[in-house]
>>> print(open('input.cif').read())   # mmCIF, C-alpha atoms and all ligand atoms
data_run
#
loop_
_atom_site.label_atom_id
_atom_site.label_comp_id
_atom_site.auth_asym_id
_atom_site.auth_seq_id
_atom_site.Cartn_x
_atom_site.Cartn_y
_atom_site.Cartn_z
CA MET H 756 -25.73 88.71 -155.25
CA LEU H 757 -23.97 91.77 -153.78
CA THR H 758 -25.69 95.07 -154.59
CA LEU H 759 -24.35 98.53 -153.82
CA GLY H 760 -27.01 101.23 -153.39
CA ILE H 761 -26.23 104.92 -153.92
CA GLU H 762 -28.59 107.69 -152.82
CA THR H 763 -28.00 111.40 -153.61
CA SER H 764 -31.45 112.61 -154.68
CA CYS H 765 -31.85 115.38 -152.11
CA ASP H 766 -29.90 116.26 -148.97
CA GLU H 767 -28.73 112.86 -147.77
CA THR H 768 -25.64 111.19 -149.22
CA ALA H 769 -25.94 107.47 -148.56
CA VAL H 770 -24.48 104.14 -149.65
CA ALA H 771 -25.33 100.61 -148.59
CA LEU H 772 -24.47 97.01 -149.42
CA VAL H 773 -27.22 94.43 -149.66
CA GLU H 774 -26.44 90.75 -150.18
CA ASP H 775 -29.39 88.74 -151.52
CA GLY H 776 -31.86 91.13 -149.89
CA ARG H 777 -30.04 91.26 -146.55
CA LEU H 778 -28.39 94.49 -145.38
CA LEU H 779 -24.63 94.15 -144.80
CA GLY H 780 -23.83 97.75 -143.99
CA GLU H 781 -24.69 101.37 -144.73
CA LYS H 782 -23.20 104.84 -144.46
CA LEU H 783 -25.17 108.06 -144.42
CA ALA H 784 -24.19 111.72 -144.25
CA THR H 785 -27.01 114.18 -143.82
CA GLN H 786 -26.72 117.82 -144.85
CA VAL H 787 -29.71 118.88 -142.82
CA ASP H 788 -27.76 121.29 -140.57
CA MET H 789 -26.33 123.10 -143.59
CA HIS H 790 -29.73 123.64 -145.18
CA ALA H 791 -31.41 124.46 -141.86
CA LEU H 792 -29.62 127.82 -141.98
CA PHE H 793 -31.71 128.64 -145.06
CA GLY H 794 -34.96 126.96 -143.94
CA GLY H 795 -34.93 124.58 -146.92
CA VAL H 796 -32.64 122.64 -149.25
CA VAL H 797 -30.28 124.79 -151.36
CA PRO H 798 -29.67 122.70 -154.51
CA GLU H 799 -26.20 124.07 -155.31
CA ILE H 800 -24.93 123.34 -151.80
CA ALA H 801 -26.54 119.88 -151.89
CA SER H 802 -24.78 118.73 -155.06
CA ARG H 803 -21.39 120.08 -154.01
CA GLU H 804 -21.71 118.30 -150.68
CA HIS H 805 -22.65 114.98 -152.37
CA LEU H 806 -19.56 115.30 -154.54
CA ARG H 807 -17.40 115.94 -151.49
CA VAL H 808 -18.58 113.05 -149.30
CA LEU H 809 -19.75 110.26 -151.63
CA PRO H 810 -16.30 108.77 -152.47
CA ARG H 811 -15.38 108.75 -148.77
CA LEU H 812 -18.61 107.03 -147.73
CA TYR H 813 -18.11 104.39 -150.42
CA LYS H 814 -14.57 103.62 -149.21
CA GLU H 815 -15.69 103.49 -145.57
CA LEU H 816 -18.56 101.14 -146.45
CA LEU H 817 -16.20 98.70 -148.16
CA ALA H 818 -13.74 98.86 -145.26
CA GLU H 819 -16.47 98.27 -142.66
CA THR H 820 -18.09 95.37 -144.50
CA GLY H 821 -14.76 93.82 -145.54
CA LYS H 822 -15.80 93.71 -149.20
CA GLU H 823 -13.68 94.40 -152.28
CA PRO H 824 -14.99 96.47 -155.22
CA GLY H 825 -14.64 93.42 -157.48
CA GLU H 826 -17.17 91.50 -155.36
CA ILE H 827 -19.99 93.96 -156.19
CA ASP H 828 -22.32 92.41 -158.80
CA THR H 829 -24.75 95.33 -159.18
CA VAL H 830 -24.42 99.08 -158.72
CA ALA H 831 -27.88 100.51 -158.04
CA VAL H 832 -28.38 104.27 -158.00
CA ALA H 833 -31.33 106.54 -157.29
CA ARG H 834 -31.86 108.09 -160.74
CA GLY H 835 -34.90 110.22 -159.81
CA PRO H 836 -37.08 111.97 -159.11
CA GLY H 837 -34.97 114.43 -157.16
CA LEU H 838 -32.77 117.51 -157.50
CA LEU H 839 -31.09 117.17 -160.88
CA GLY H 840 -27.64 118.38 -159.82
CA SER H 841 -27.67 116.09 -156.79
CA LEU H 842 -28.86 113.06 -158.77
CA LEU H 843 -26.14 113.60 -161.37
CA VAL H 844 -23.46 113.18 -158.72
CA GLY H 845 -24.76 109.72 -157.74
CA VAL H 846 -25.55 108.63 -161.30
CA SER H 847 -22.10 109.67 -162.60
CA PHE H 848 -20.38 107.92 -159.70
CA ALA H 849 -22.43 104.77 -160.34
CA LYS H 850 -21.64 104.75 -164.05
CA GLY H 851 -17.91 105.20 -163.48
CA LEU H 852 -17.83 102.53 -160.81
CA SER H 853 -19.85 99.96 -162.75
CA LEU H 854 -17.58 100.48 -165.76
CA ALA H 855 -14.43 100.18 -163.66
CA ILE H 856 -15.43 97.00 -161.81
CA GLY H 857 -17.52 95.38 -164.53
CA ALA H 858 -20.74 95.39 -162.48
CA ARG H 859 -24.31 95.64 -163.71
CA LEU H 860 -25.72 99.21 -163.55
CA ILE H 861 -29.33 99.79 -162.57
CA GLY H 862 -31.12 103.11 -162.12
CA VAL H 863 -33.73 102.95 -159.37
CA ASN H 864 -36.91 104.97 -159.02
CA HIS H 865 -36.36 106.67 -155.65
CA LEU H 866 -40.11 106.56 -154.85
CA TRP H 867 -40.40 102.83 -155.47
CA ALA H 868 -37.37 102.35 -153.24
CA HIS H 869 -39.12 104.22 -150.40
CA LEU H 870 -42.08 101.82 -150.68
CA LEU H 871 -39.93 98.69 -150.89
CA ALA H 872 -37.76 99.70 -147.90
CA PRO H 873 -39.72 97.62 -145.35
CA GLY H 874 -38.76 94.54 -147.39
CA LEU H 875 -35.36 94.82 -145.68
CA THR H 876 -36.83 94.01 -142.29
CA GLY H 877 -39.84 91.85 -143.13
CA ASP H 878 -41.83 90.23 -145.90
CA LEU H 879 -43.73 92.34 -148.42
CA CYS H 880 -47.12 91.02 -149.41
CA PHE H 881 -48.36 91.72 -152.97
CA PRO H 882 -50.55 92.98 -154.53
CA ALA H 883 -50.34 95.96 -152.18
CA LEU H 884 -51.71 99.44 -151.95
CA GLY H 885 -48.70 101.75 -151.57
CA LEU H 886 -49.01 105.16 -149.92
CA LEU H 887 -45.86 107.22 -150.37
CA VAL H 888 -45.84 110.28 -148.10
CA SER H 889 -42.46 111.95 -148.38
CA GLY H 890 -41.00 115.45 -148.52
CA GLY H 891 -41.71 115.86 -152.22
CA HIS H 892 -44.47 113.35 -153.01
CA THR H 893 -47.86 112.06 -151.92
CA HIS H 894 -48.64 109.12 -154.19
CA ILE H 895 -51.05 106.20 -154.07
CA TYR H 896 -49.95 103.14 -156.05
CA ARG H 897 -51.17 99.69 -156.80
CA ILE H 898 -48.04 97.58 -156.37
CA GLN H 899 -48.35 94.30 -158.20
CA SER H 900 -44.83 93.09 -157.45
CA SER H 901 -41.48 94.59 -156.44
CA ILE H 902 -41.03 95.88 -159.98
CA GLU H 903 -44.60 96.69 -161.08
CA PHE H 904 -46.11 99.96 -159.80
CA GLU H 905 -49.26 101.66 -161.09
CA LEU H 906 -49.81 105.28 -160.00
CA LEU H 907 -53.44 105.81 -158.97
CA GLY H 908 -53.38 109.21 -157.26
CA ARG H 909 -50.98 112.04 -156.50
CA THR H 910 -50.83 115.48 -154.98
CA LEU H 911 -51.75 118.33 -157.28
CA ASP H 912 -49.64 120.82 -155.34
CA ASP H 913 -47.81 120.43 -152.01
CA ALA H 914 -46.76 117.01 -150.77
CA ALA H 915 -47.76 115.93 -147.25
CA GLY H 916 -44.19 116.35 -145.96
CA GLU H 917 -43.94 119.73 -147.63
CA ALA H 918 -47.14 120.78 -145.87
CA PHE H 919 -45.65 119.70 -142.53
CA ASP H 920 -42.46 121.63 -143.25
CA LYS H 921 -44.26 124.76 -144.45
CA VAL H 922 -46.60 124.83 -141.46
CA ALA H 923 -43.61 124.32 -139.17
CA LYS H 924 -41.85 127.19 -140.92
CA LEU H 925 -44.87 129.47 -140.45
CA MET H 926 -44.45 128.98 -136.71
CA ASN H 927 -40.67 129.16 -136.95
CA PHE H 928 -40.01 125.64 -135.72
CA PRO H 929 -36.57 124.23 -136.49
CA TYR H 930 -36.15 122.76 -139.98
CA PRO H 931 -37.34 120.20 -141.03
CA GLY H 932 -40.32 120.67 -138.78
CA GLY H 933 -42.51 117.60 -139.39
CA ARG H 934 -41.36 115.74 -136.33
CA TYR H 935 -41.83 118.76 -134.01
CA ILE H 936 -45.45 119.01 -135.13
CA ASP H 937 -45.77 115.28 -134.48
CA ASP H 938 -44.21 115.48 -130.99
CA LEU H 939 -46.10 118.57 -129.82
CA GLY H 940 -49.34 117.36 -131.37
CA GLN H 941 -49.22 114.28 -129.17
CA GLU H 942 -49.55 116.55 -126.12
CA SER H 943 -53.00 117.72 -127.22
CA THR H 944 -56.19 116.57 -128.91
CA PRO H 945 -57.27 117.76 -132.35
CA ASP H 946 -59.92 120.40 -132.86
CA LYS H 947 -61.46 118.73 -135.92
CA LYS H 948 -63.23 121.91 -137.00
CA LEU H 949 -60.13 124.10 -136.96
CA PHE H 950 -58.62 123.16 -140.34
CA PRO H 951 -60.08 121.65 -143.53
CA ARG H 952 -59.41 118.18 -144.89
CA PRO H 953 -58.59 119.33 -148.39
CA TYR H 954 -59.94 117.80 -151.59
CA ILE H 955 -61.81 114.94 -149.90
CA ASP H 956 -65.04 115.80 -151.73
CA HIS H 957 -63.30 115.38 -155.07
CA PRO H 958 -63.96 111.81 -156.22
CA SER H 959 -60.40 111.19 -157.43
CA LEU H 960 -57.53 109.68 -155.47
CA ASP H 961 -55.56 112.92 -155.82
CA PHE H 962 -54.54 115.23 -152.98
CA SER H 963 -54.12 118.97 -152.57
CA PHE H 964 -52.45 120.23 -149.41
CA SER H 965 -51.65 123.85 -150.25
CA GLY H 966 -55.03 125.16 -149.03
CA LEU H 967 -54.51 123.46 -145.69
CA LYS H 968 -51.22 125.27 -145.28
CA THR H 969 -53.02 128.58 -146.07
CA ALA H 970 -55.71 127.77 -143.48
CA VAL H 971 -53.02 127.30 -140.84
CA ALA H 972 -51.32 130.53 -141.98
CA LEU H 973 -54.57 132.47 -141.59
CA HIS H 974 -55.14 131.00 -138.15
CA VAL H 975 -51.59 131.65 -136.98
CA ALA H 976 -51.90 135.26 -138.22
CA THR H 977 -54.54 135.79 -135.53
CA ARG H 978 -52.11 134.49 -132.88
CA PRO H 979 -48.70 136.06 -133.58
CA ASP H 980 -47.77 135.31 -129.96
CA LEU H 981 -47.50 131.61 -130.87
CA VAL H 982 -44.76 132.10 -133.45
CA PHE H 983 -41.12 131.76 -132.43
CA GLU H 984 -39.15 134.93 -133.11
CA THR H 985 -36.40 133.23 -135.09
CA MET H 986 -36.06 129.71 -136.49
CA ALA H 987 -36.07 128.22 -133.01
CA ASP H 988 -33.52 125.69 -131.93
CA PRO H 989 -34.78 122.32 -130.66
CA GLU H 990 -34.12 123.39 -127.05
CA ALA H 991 -36.39 126.39 -127.39
CA VAL H 992 -39.17 124.02 -128.47
CA ALA H 993 -38.43 121.71 -125.55
CA ASN H 994 -38.51 124.62 -123.11
CA LEU H 995 -41.70 126.24 -124.39
CA ALA H 996 -43.58 128.15 -121.70
CA GLU H 997 -46.63 126.27 -120.39
CA ASP H 998 -49.25 128.84 -121.47
CA LYS H 999 -48.05 128.93 -125.08
CA ARG H 1000 -47.29 125.23 -125.17
CA ALA H 1001 -50.92 124.13 -124.90
CA ASP H 1002 -52.06 126.46 -127.69
CA ILE H 1003 -49.23 125.47 -130.03
CA ALA H 1004 -49.85 121.79 -129.28
CA LYS H 1005 -53.53 122.24 -130.18
CA ILE H 1006 -52.62 123.72 -133.59
CA CYS H 1007 -50.15 120.89 -134.20
CA ALA H 1008 -52.65 118.19 -133.20
CA SER H 1009 -55.40 119.71 -135.36
CA PHE H 1010 -53.19 120.10 -138.43
CA ASN H 1011 -51.76 116.62 -137.97
CA TRP H 1012 -55.25 115.15 -137.77
CA SER H 1013 -56.37 116.98 -140.94
CA VAL H 1014 -53.46 115.48 -142.88
CA ALA H 1015 -53.79 111.96 -141.41
CA ASP H 1016 -57.55 111.84 -141.90
CA THR H 1017 -57.29 113.13 -145.49
CA LEU H 1018 -54.80 110.34 -146.20
CA ARG H 1019 -57.16 107.84 -144.56
CA ILE H 1020 -60.12 108.88 -146.69
CA LYS H 1021 -58.24 108.59 -149.98
CA VAL H 1022 -56.58 105.30 -149.05
CA GLU H 1023 -59.95 103.80 -148.07
CA ARG H 1024 -61.42 105.06 -151.34
CA ALA H 1025 -58.58 103.41 -153.25
CA LEU H 1026 -59.06 100.14 -151.36
CA ASP H 1027 -62.77 100.14 -152.17
CA SER H 1028 -61.97 100.24 -155.88
CA MET H 1029 -59.13 97.70 -155.88
CA GLU H 1030 -59.39 93.95 -156.11
CA GLY H 1031 -57.11 91.33 -154.63
CA VAL H 1032 -55.09 93.67 -152.44
CA LYS H 1033 -53.36 91.88 -149.56
CA SER H 1034 -51.52 94.63 -147.76
CA VAL H 1035 -51.07 98.36 -147.29
CA ILE H 1036 -47.52 99.72 -147.44
CA VAL H 1037 -46.93 103.25 -146.11
CA ALA H 1038 -43.51 104.82 -146.68
CA GLY H 1039 -41.57 108.10 -146.86
CA GLY H 1040 -40.67 110.56 -144.12
CA VAL H 1041 -44.28 111.23 -143.09
CA ALA H 1042 -44.69 107.48 -142.46
CA ALA H 1043 -42.66 108.26 -139.33
CA ASN H 1044 -45.59 110.36 -138.08
CA SER H 1045 -47.23 108.72 -135.08
CA LEU H 1046 -50.79 109.70 -136.01
CA VAL H 1047 -50.34 108.59 -139.64
CA ARG H 1048 -49.02 105.23 -138.40
CA LYS H 1049 -51.93 104.84 -135.98
CA THR H 1050 -54.51 105.91 -138.57
CA MET H 1051 -53.18 103.52 -141.19
CA ALA H 1052 -53.14 100.69 -138.65
CA GLY H 1053 -56.86 101.36 -138.19
CA VAL H 1054 -57.48 101.31 -141.96
CA ALA H 1055 -55.63 98.02 -142.41
CA LYS H 1056 -57.50 96.43 -139.51
CA LYS H 1057 -60.88 97.57 -140.82
CA HIS H 1058 -60.17 96.14 -144.27
CA GLY H 1059 -58.57 92.94 -142.94
CA LEU H 1060 -55.22 93.74 -144.55
CA GLU H 1061 -51.66 93.52 -143.39
CA LEU H 1062 -50.00 96.88 -142.66
CA THR H 1063 -46.36 97.28 -143.62
CA LEU H 1064 -44.45 100.26 -142.23
CA PRO H 1065 -40.70 100.84 -142.47
CA ASP H 1066 -38.66 101.16 -139.27
CA LEU H 1067 -38.24 104.85 -138.47
CA ALA H 1068 -34.67 104.99 -139.85
CA LEU H 1069 -35.89 103.54 -143.16
CA CYS H 1070 -38.66 106.16 -143.58
CA THR H 1071 -36.41 109.00 -144.71
CA ASP H 1072 -33.79 108.81 -147.45
CA ASN H 1073 -31.15 106.09 -147.14
CA GLY H 1074 -28.91 103.92 -149.30
CA SER H 1075 -30.29 100.60 -148.09
CA MET H 1076 -33.63 101.06 -149.80
CA ILE H 1077 -31.87 101.85 -153.10
CA ALA H 1078 -29.72 98.74 -152.81
CA TYR H 1079 -32.77 96.63 -151.96
CA ALA H 1080 -34.88 97.99 -154.85
CA GLY H 1081 -31.89 97.59 -157.18
CA TRP H 1082 -31.49 93.97 -156.09
CA GLN H 1083 -35.15 93.32 -156.91
CA LEU H 1084 -34.70 94.78 -160.40
CA ALA H 1085 -31.44 92.92 -160.95
CA LYS H 1086 -33.10 89.65 -159.89
CA ALA H 1087 -35.68 90.23 -162.61
CA GLY H 1088 -32.86 90.66 -165.14
CA CYS H 1089 -33.14 94.47 -165.49
CA SER H 1090 -30.13 96.68 -166.20
CA HIS H 1091 -29.23 100.06 -167.66
CA GLY H 1092 -26.43 101.09 -169.99
CA LEU H 1093 -24.21 104.13 -169.59
CA GLU H 1094 -26.87 106.24 -171.29
CA LEU H 1095 -28.89 106.11 -168.02
CA GLU H 1096 -30.33 109.56 -167.35
CA ALA H 1097 -31.18 111.30 -164.10
CA ILE H 1098 -34.82 112.39 -163.85
CA PRO H 1099 -35.65 115.65 -162.04
CA ARG H 1100 -38.67 116.17 -159.78
CA GLY H 1101 -41.94 116.58 -161.65
CA GLN H 1102 -40.95 114.26 -164.49
CA VAL H 1103 -42.05 110.67 -164.87
CA VAL H 1104 -39.27 108.13 -164.35
CA PRO H 1105 -39.27 105.95 -167.49
CA LEU H 1106 -39.25 102.15 -167.41
CA ASP H 1107 -36.30 102.13 -169.79
CA TRP H 1108 -34.21 99.26 -168.45
CA LYS H 1109 -33.04 96.39 -170.61
CA ILE H 1110 -34.26 92.96 -169.59
CA SER H 1111 -31.99 90.02 -170.14
CA SER H 1112 -33.66 86.67 -170.56
CA GLN H 1113 -31.17 85.35 -168.05
CA SER H 1114 -32.31 86.60 -164.69
CA VAL H 1115 -29.90 86.29 -161.79
P1 LIG H 1201 -38.91 112.63 -151.83
O1 LIG H 1201 -38.61 111.23 -151.50
O2 LIG H 1201 -40.34 112.88 -152.17
O3 LIG H 1201 -37.98 113.20 -152.83
P2 LIG H 1201 -37.63 113.27 -149.34
O4 LIG H 1201 -36.91 111.99 -149.51
O5 LIG H 1201 -36.81 114.50 -149.18
O6 LIG H 1201 -38.69 113.51 -150.49
P3 LIG H 1201 -38.36 112.08 -146.94
O7 LIG H 1201 -36.94 112.08 -146.45
O8 LIG H 1201 -39.00 110.79 -147.26
O9 LIG H 1201 -38.55 113.11 -148.10
O10 LIG H 1201 -39.27 112.79 -145.86
C1 LIG H 1201 -38.93 114.03 -145.34
C2 LIG H 1201 -40.20 114.64 -144.86
O11 LIG H 1201 -40.75 113.87 -143.80
C3 LIG H 1201 -40.01 116.05 -144.33
O12 LIG H 1201 -41.01 116.83 -144.92
C4 LIG H 1201 -40.24 115.90 -142.83
O13 LIG H 1201 -40.77 117.03 -142.20
C5 LIG H 1201 -41.21 114.74 -142.81
N1 LIG H 1201 -41.24 114.06 -141.52
C6 LIG H 1201 -40.24 113.37 -140.92
N2 LIG H 1201 -40.66 112.89 -139.71
C7 LIG H 1201 -41.96 113.29 -139.58
C8 LIG H 1201 -42.96 113.11 -138.58
N3 LIG H 1201 -42.70 112.43 -137.46
N4 LIG H 1201 -44.17 113.66 -138.80
C9 LIG H 1201 -44.44 114.34 -139.93
N5 LIG H 1201 -43.54 114.55 -140.90
C10 LIG H 1201 -42.33 114.02 -140.74
MG MG H 1202 -33.82 114.51 -146.56
FE FE H 1203 -37.02 110.44 -150.52
#
>>> encode(input="input.cif", output="structure tokens", more="lines below")
Ligand code: ATP
Ligand code: MG
Ligand code: FE
Amino acid sequence: MLTLGIETSCDETAVALVEDGRLLGEKLATQVDMHALFGGVVPEIASREHLRVLPRLYKELLAETGKEPGEIDTVAVARGPGLLGSLLVGVSFAKGLSLAIGARLIGVNHLWAHLLAPGLTGDLCFPALGLLVSGGHTHIYRIQSSIEFELLGRTLDDAAGEAFDKVAKLMNFPYPGGRYIDDLGQESTPDKKLFPRPYIDHPSLDFSFSGLKTAVALHVATRPDLVFETMADPEAVANLAEDKRADIAKICASFNWSVADTLRIKVERALDSMEGVKSVIVAGGVAANSLVRKTMAGVAKKHGLELTLPDLALCTDNGSMIAYAGWQLAKAGCSHGLELEAIPRGQVVPLDWKISSQSV
């Protein structure tokens, strides 16, 4: 079965073709440079840019993979959560295309797709504990199968990725700053007393990262010499003077540890209360973080579980994960009609697909 995946939920426009779970090709256009000028994603610019590049990416994908539109069986689209205007571009395109070529339409939960992404490069082992750590979400799920997710815990305020970006912004690192904190942090060791591990005393599986960001802000306020004067370019970070470099690296390492260890505590708590779990899946942009990867490897080892991490390119938004998740839903006989709605951030994505008795 040939599945087209379309991703326009935030600032990446992406399409991919997956044939029976195997990636045939993908195209991705990132808008990150455009939004970097503003230090964050500007929704109006994002949707206009999706509209401008999506048809071109689709045509290029078909040309590169040698496929004809009529060969596509399923059009899968990220229907949320995300920026509403951006999602509507992908959803409208998917509806028009599925109607024109007579393909099945399926709206995909973007967060599920993040967690299923490593299925493209290896086997997924269910039931799994899923930790989604992306720019907009920090969720813990029990994943029973590729199409059955139960949300167990979530952030009450900032997501882990958002905390990385906001802390990076405080110090005027280039946007998005998560990976600069990761890189510099590796040059130092954490001061485990410097910043709190928020909300770990609360017995739930929920997170709260906004206080951690404030703690870093208060600390940085005592050291204005460590803040770049303008949103620094990557070269300025690379050429940081030695004396400042060590102090900035210490802040990065300490903050990074606070986040990674908070994630560890809640994931271990979830594992203690779950039965029959065979693996831990960690996904989303923050799954690219070296300390998070290392910490989660330790958790999996301790609990005798398999750890599944996406390749770095599959951590952030891409079309392949949408095509793969869409293929899983299509295999189970799920489809949507043209009434499919886009779901903005903060709203629950409904399980409103139709299920045909004839699965494919
Ligand atoms: P969502 O899926 O919740 O809508 P998103 O798709 O925009 O959000 P992702 O693309 O999954 O988010 O992740 C982007 C986030 O990942 C950014 O906050 C970025 O700073 C962070 N990030 C990327 N690489 C790293 C890294 N090495 N260390 C820490 N954070 C990182
Ligand atoms: Mg992005
Ligand atoms: Fe995402």
>>> residues_near_ligand(input="input.cif", ligand="ligand FE 1203 (chain H)", cutoff="12 Å", atoms="only C-alpha atoms and all ligand atoms", output="VMD selection string")
chain H and resid 762 to 769 833 to 838 842 864 to 870 872 887 to 893 914 916 to 917 1038 to 1042 1069 to 1074 1076 to 1077 1100
>>> residues_near_point(input="input.cif", point="(-39.9, 117.6, -142.8)", cutoff="6 Å", atoms="only C-alpha atoms", output="list in words")
Gly916, Asp920, Pro931, Gly932 and Gly933 of chain H
>>> closest_residue(input="input.cif", among="H:Arg978, H:His790, H:Lys782, H:Arg909", to="ligand MG 1202 (chain H)", atoms="only C-alpha atoms and all ligand atoms")
H:His790
>>> residues_around(input="input.cif", residues="segment 964-969 of chain H", least_positions_apart="4", cutoff="10 Å", atoms="only C-alpha atoms", output="list in words")
Thr893, Thr910, Leu911, Asp912, Asp913, Ala914, Ala915, Gly916, Glu917, Ala918, Phe919, Asp920, Lys921, Val922, Ala923, Leu925, Phe950, Pro951, Arg952, Pro953, Tyr954, Leu973, His974, Val975, Phe1010, Ser1013, Val1014 and Thr1017 of chain H
>>> atom_distance(input="input.cif", atom1="atom CA of Val971 of chain H", atom2="atom CA of Lys1021 of chain H")
21.5 Å
>>> axis_aligned_box(input="input.cif", around="ligand LIG 1201 (chain H)", padding_each_side="6 Å", output="JSON")
{"center_x": -40.6, "center_y": 113.9, "center_z": -145.1, "size_x": 19.6, "size_y": 18.2, "size_z": 27.4}
>>> residues_around(input="input.cif", residues="segment 1108-1112 of chain H", least_positions_apart="2", cutoff="6 Å", atoms="all atoms listed in the file", output="PyMOL selection string")
chain H and resi 1088-1091+1106
